[in-house]
Every structure is written in C-alpha cells, then in structure tokens.
Amino acid sequence: MTQQEPRIFLCHAHEDKERVRDLYHQLKEAGYHPWLDEEDLLPGADWRFEIRRAIRSSKLFLACLSKESIDKQGYVQKEIKIALDVLDEMPEGKIYLIPVRLEACTVSDRLGSRQWVDLFAPRGFEKLTRALDYELGPRPPAPIEPELVHILAGEFLMGSDPKKDKDAYDEEQPQHTVYLPEYYIAKTPVTNAQYAVFAKITNRRTPPGGKEHHPVVDVSWRDAMAYCQWLAEATGKAYRLPSEAEWEKAARGTDGRIWPWGNEPPDENRCNFGMKVGDTTPVGQHSPQGDSPYGCVDMAGNVWEWTSSLYKGYPYDPEDGREEQEGSGDRTLRGGSWGYDLRGARVSVRDNYHPDGFGNLVGFRVVVAPVSSS
C-alpha cells in the first residue's frame, strides 16, 4: 500500500468515537485526507500493524482529547507515544502532533508543550485548518471513493459451456474452474463525478455536466490505469483495475450463471442494453433486480469495462503473462454496453481493445486487495 498524499491520523478513545467520526467527515469534506480506523482498516488487516504504519506515514497526528480519554490507559497512550517518537526525529519547530480538545479538559504534561486547539470553541475547526494548511500546503480536491463489495476467496466457474449457453462464443471456452483470493470490488463503475476530480487535477478531459451519476466513458485503458494509481496514492489503498477473472467472479458468483441475476434473459428492468435507451444510464438504475450475487450493479450492459488483463485465450492463467502491466497488445473488456444486444450482456462475453483506444461505450470500475502485515 503506497502513501503519497498528506494524511492526518485521528487518535481517540472509544468513548469519543461519535465526535471523532464527525471530525473525520468534516475534514474529508474540507479536502483533507484523514485516517480513521473504522473507515480505513480493511477487514482481515492486522490492525496493530496498520495503525503503527498509519501513524508513522501520516503528515499530522491529531490527539483528540476529552475528560474520559485524557487519563485513560491503553492504546490511546500507546499511539501518543509512537507519535512523540516520530516527533523526536523531526526538525525543531515542525508541526506534527496537535492536541485537539473535544471539550474542556486538562492536557497532560507529555503534551503540554504543544499548543492545543479547542474544537468545541467558536471557530475551533477554522483554527485547526490553519495549522493543517500551514504544514500541508494547498489541498487538492478529495477523491470520491467507491462503495466496495467484498468477494470471498474461493473457486468459481469462468467462461461458457455451450451445452448450457447457446450464445457462447469460442473465445469464452472452455468453461473452467479458477481460484481467486479475496478482494474488494467497486459496487458501480466509476462515475463522471468520481472521475471529474481526477481529470481536473491531471488536466484531462472533464466529463460533461448533468450526468454526474452516469458511468464515465471515453477513457482509455491507460487513463483507467492512471486513475487507479492516483486514487491509490490519494487514499493510501491499493486500488487497481480488476483482472478479467476478478471481474467475472464479481459479476456471476460461483455457480456459472449466464447473467448477473441468473439464467433468465435480460429486459429493460434488469440492464441497459440493445440501444433501448441509446445512452448510458445512472449507475444502479437497474438495482436490485439487475444485481450480481454479491450486489454489484451494472455488470450487464451500460458500459464495457476495462480489465487489467491482456486479451489471451482460455483457460485463464494469471501466470502466462496476461497480467503483466507492461505487456503489449489489446486489453480485455467485459460486461457489454448500452449499444450491444442481449448476447453481449452475458457475464462471460469478452471483447478486446487497444489500450490507447476509447469510446462512448467504454468505462471501468476498480478493485482493492486486502492489506496484510506481510
């Protein structure tokens, strides 16, 4: 997990969780990148390791204090000790550790030399942001992170069996079993609103207004890769494009179904396909009736979605070079689009496109893998 953007660690006691949660969202809305355990720790992560790493990699440490927490023994004091050790390694005069009083309380001697800010006082948050801006400099716009869906580790059926699917193309065969470790995938394709933040920062084409909740289109594979890298650096989470196998498992589950919802053909209530609308539709418009077994939306129709995989024959083998990001050749698209018929909306259908190619039928979604101490 890389960490490039300024981050603000929020140290707090369990009793103050609600108030610190409000501070977290207030900082996010103001364009900062705070770190809060309940928001940023992924299930399965080693929380002790991740908290220590988050403290050491953060640009600022906010010690959120209250009457209940100020003298409480436990992990809060351990976090403050780690932060003080980090501060000892910094040049004199550096702003790093800021005591933030959530209410009137006594600041302990170990923090006494650090000027505190009273968040409960008038203009308290404004005073806090002055210190943050002094140390961090101008704030870039905050990314709009996706809602993630957890895909458990295990096997699934990939590809098509022509005995069960009369529309199966040759390139979808043979149907075979693939094992994948657990991962998280975005519930929806990346939207115009999400992509617009990245586009403004990187001087790319900004999506049109009025369609903020539609999937972004006219993005190349290289644009999608650059977006993932930016989002990973901005959030400290390992965002990337899904592999072709990760995309398909999220779309169909483990039972080899033909469409996300089952084996019944699509209609206008389940997905956007066959030129029935003639354009993209807002993500999730066909939810829940068109959802995958995991709750992913728009995995049939709306837009083709880039994957990380080079376009190669089956069986799928991640070790045969198809997942090499520097490899040359077309990349694989999945999911069909608003301009393709029901045969193109099947979860096993595959298409390929040059990585520099783009069009009004092509978008993408992201995944993030769990983080471990190893």
# chains A, B, ... in the order shown; residues from 1 in each chain; ligands from 1
call {"tool": "select_by_dssp", "arguments": {"residues": "region 140-313 of chain A", "states": "strand (DSSP E or B)", "output": "JSON, numbers by chain"}}
result
{"A": [148, 149, 150, 151, 154, 155, 156, 157, 158, 176, 177, 178, 179, 180, 183, 184, 185, 186, 191, 215, 239, 240, 259, 262, 272, 301, 304, 305, 306, 307, 308, 309, 310]}
call {"tool": "residues_around", "arguments": {"residues": "Glu155 (chain A)", "least_positions_apart": "3", "cutoff": "12 Å", "atoms": "only C-alpha atoms", "output": "PDB file with C-alpha atoms, in the first residue's frame"}}
result
ATOM      1  CA  ILE A 151     -15.651 -11.032  -2.706  1.00  0.00           C
ATOM      2  CA  LEU A 152     -14.642 -14.044  -0.638  1.00  0.00           C
ATOM      3  CA  MET A 158     -15.191 -18.961 -15.603  1.00  0.00           C
ATOM      4  CA  HIS A 176     -13.064 -23.908 -16.335  1.00  0.00           C
ATOM      5  CA  THR A 177     -12.582 -23.508 -12.590  1.00  0.00           C
ATOM      6  CA  VAL A 178     -10.474 -20.620 -11.291  1.00  0.00           C
ATOM      7  CA  TYR A 179      -9.420 -19.955  -7.689  1.00  0.00           C
ATOM      8  CA  LEU A 180      -9.106 -16.346  -6.525  1.00  0.00           C
ATOM      9  CA  PRO A 181      -8.014 -14.939  -3.145  1.00  0.00           C
ATOM     10  CA  GLU A 182     -10.400 -12.480  -1.509  1.00  0.00           C
ATOM     11  CA  ALA A 245     -11.198 -13.256 -13.605  1.00  0.00           C
ATOM     12  CA  GLU A 246     -11.924 -10.891 -10.705  1.00  0.00           C
ATOM     13  CA  GLU A 248     -16.248 -12.189 -13.897  1.00  0.00           C
ATOM     14  CA  LYS A 249     -16.478 -13.712 -10.429  1.00  0.00           C
ATOM     15  CA  ALA A 250     -17.949 -10.485  -9.053  1.00  0.00           C
ATOM     16  CA  GLY A 253     -20.766 -15.611  -8.418  1.00  0.00           C
ATOM     17  CA  THR A 254     -19.657 -19.213  -8.252  1.00  0.00           C
ATOM     18  CA  ASP A 255     -22.456 -21.133  -9.996  1.00  0.00           C
ATOM     19  CA  GLY A 256     -21.703 -20.380 -13.660  1.00  0.00           C
TER      20      GLY A 256
END
call {"tool": "closest_residue", "arguments": {"among": "A:Val297, A:Val368, A:Val149, A:Cys271", "to": "Tyr239 (chain A)", "atoms": "only C-alpha atoms"}}
result
A:Val368
call {"tool": "closest_residue", "arguments": {"among": "A:Ile80, A:Val366, A:Ala13, A:Val277", "to": "Met225 (chain A)", "atoms": "only C-alpha atoms"}}
result
A:Val366
call {"tool": "closest_residue", "arguments": {"among": "A:Arg322, A:Arg56, A:Arg270, A:His213", "to": "Ala300 (chain A)", "atoms": "only C-alpha atoms"}}
result
A:Arg270
call {"tool": "select_by_dssp", "arguments": {"residues": "region 132-225 of chain A", "states": "helix (DSSP H, G or I)", "output": "list in words"}}
result
Leu132, Asp133, Tyr134, Glu135, Leu136, Asp170, Glu171, Glu172, Asn192, Ala193, Gln194, Tyr195, Ala196, Val197, Phe198, Ala199, Lys200, Ile201, Thr202, Trp221, Arg222, Asp223, Ala224 and Met225 of chain A
call {"tool": "residues_around", "arguments": {"residues": "Gly159 (chain A)", "least_positions_apart": "2", "cutoff": "10 Å", "atoms": "only C-alpha atoms", "output": "PyMOL selection string"}}
result
chain A and resi 156-157+161-162+168-178+245+248+256+258+314-316+347-350
call {"tool": "write_last_selection", "arguments": {"atoms": "C-alpha atoms", "output": "compact mmCIF listing (two decimals), in the first residue's frame"}}
result
# COMPACT_ATOMS: atom_id res chain seq x y z
CA PHE A 156 -15.79 -20.11 -9.44
CA LEU A 157 -16.74 -21.22 -12.95
CA ASP A 161 -20.40 -24.10 -21.50
CA PRO A 162 -22.09 -24.24 -24.95
CA ALA A 168 -21.40 -18.88 -26.13
CA TYR A 169 -18.58 -17.58 -28.32
CA ASP A 170 -15.47 -19.66 -28.99
CA GLU A 171 -13.26 -17.23 -27.06
CA GLU A 172 -15.30 -17.90 -23.89
CA GLN A 173 -14.42 -21.60 -23.95
CA PRO A 174 -13.64 -23.91 -22.38
CA GLN A 175 -15.50 -23.24 -19.16
CA HIS A 176 -13.06 -23.91 -16.33
CA THR A 177 -12.58 -23.51 -12.59
CA VAL A 178 -10.47 -20.62 -11.29
CA ALA A 245 -11.20 -13.26 -13.60
CA GLU A 248 -16.25 -12.19 -13.90
CA GLY A 256 -21.70 -20.38 -13.66
CA ILE A 258 -25.25 -16.62 -17.66
CA TYR A 314 -8.64 -19.68 -22.21
CA PRO A 315 -8.11 -21.29 -19.77
CA TYR A 316 -7.36 -18.16 -17.75
CA VAL A 347 -21.19 -12.15 -17.91
CA SER A 348 -18.86 -14.43 -19.85
CA VAL A 349 -18.69 -12.31 -23.01
CA ARG A 350 -15.25 -10.90 -23.84
call {"tool": "residues_around", "arguments": {"residues": "Phe9 (chain A)", "least_positions_apart": "5", "cutoff": "7 Å", "atoms": "only C-alpha atoms", "output": "list in words"}}
result
Pro34, Trp35, Leu36, Ala54, Ile55, Ser58, Leu60, Phe61 and Leu62 of chain A
call {"tool": "write_last_selection", "arguments": {"atoms": "N, CA, C and O atoms", "output": "mmCIF file, in the first residue's frame"}}
result
data_model
loop_
_atom_site.group_PDB
_atom_site.id
_atom_site.type_symbol
_atom_site.label_atom_id
_atom_site.label_comp_id
_atom_site.auth_asym_id
_atom_site.auth_seq_id
_atom_site.Cartn_x
_atom_site.Cartn_y
_atom_site.Cartn_z
ATOM 1 N N PRO A 34 -7.960 12.457 6.118
ATOM 2 C CA PRO A 34 -7.786 11.901 7.465
ATOM 3 C C PRO A 34 -7.773 10.385 7.448
ATOM 4 O O PRO A 34 -8.250 9.752 6.503
ATOM 5 N N TRP A 35 -7.223 9.803 8.511
ATOM 6 C CA TRP A 35 -7.181 8.344 8.675
ATOM 7 C C TRP A 35 -7.903 7.998 9.964
ATOM 8 O O TRP A 35 -7.553 8.464 11.048
ATOM 9 N N LEU A 36 -8.946 7.177 9.831
ATOM 10 C CA LEU A 36 -9.732 6.739 10.991
ATOM 11 C C LEU A 36 -9.897 5.232 10.898
ATOM 12 O O LEU A 36 -10.249 4.702 9.837
ATOM 13 N N ALA A 54 0.169 3.681 9.894
ATOM 14 C CA ALA A 54 -0.561 4.905 9.585
ATOM 15 C C ALA A 54 -0.009 6.094 10.368
ATOM 16 O O ALA A 54 0.108 7.209 9.839
ATOM 17 N N ILE A 55 0.348 5.880 11.635
ATOM 18 C CA ILE A 55 0.914 6.975 12.441
ATOM 19 C C ILE A 55 2.241 7.433 11.851
ATOM 20 O O ILE A 55 2.490 8.639 11.679
ATOM 21 N N SER A 58 1.784 9.254 8.424
ATOM 22 C CA SER A 58 0.946 10.451 8.368
ATOM 23 C C SER A 58 1.775 11.713 8.514
ATOM 24 O O SER A 58 2.811 11.729 9.182
ATOM 25 N N LEU A 60 0.435 14.455 9.842
ATOM 26 C CA LEU A 60 -0.023 15.115 11.061
ATOM 27 C C LEU A 60 -0.728 14.096 11.949
ATOM 28 O O LEU A 60 -1.380 13.165 11.457
ATOM 29 N N PHE A 61 -0.615 14.312 13.247
ATOM 30 C CA PHE A 61 -1.224 13.439 14.246
ATOM 31 C C PHE A 61 -2.099 14.306 15.135
ATOM 32 O O PHE A 61 -1.610 15.214 15.812
ATOM 33 N N LEU A 62 -3.403 14.047 15.126
ATOM 34 C CA LEU A 62 -4.334 14.796 15.969
ATOM 35 C C LEU A 62 -4.704 13.933 17.166
ATOM 36 O O LEU A 62 -5.322 12.871 17.012
#
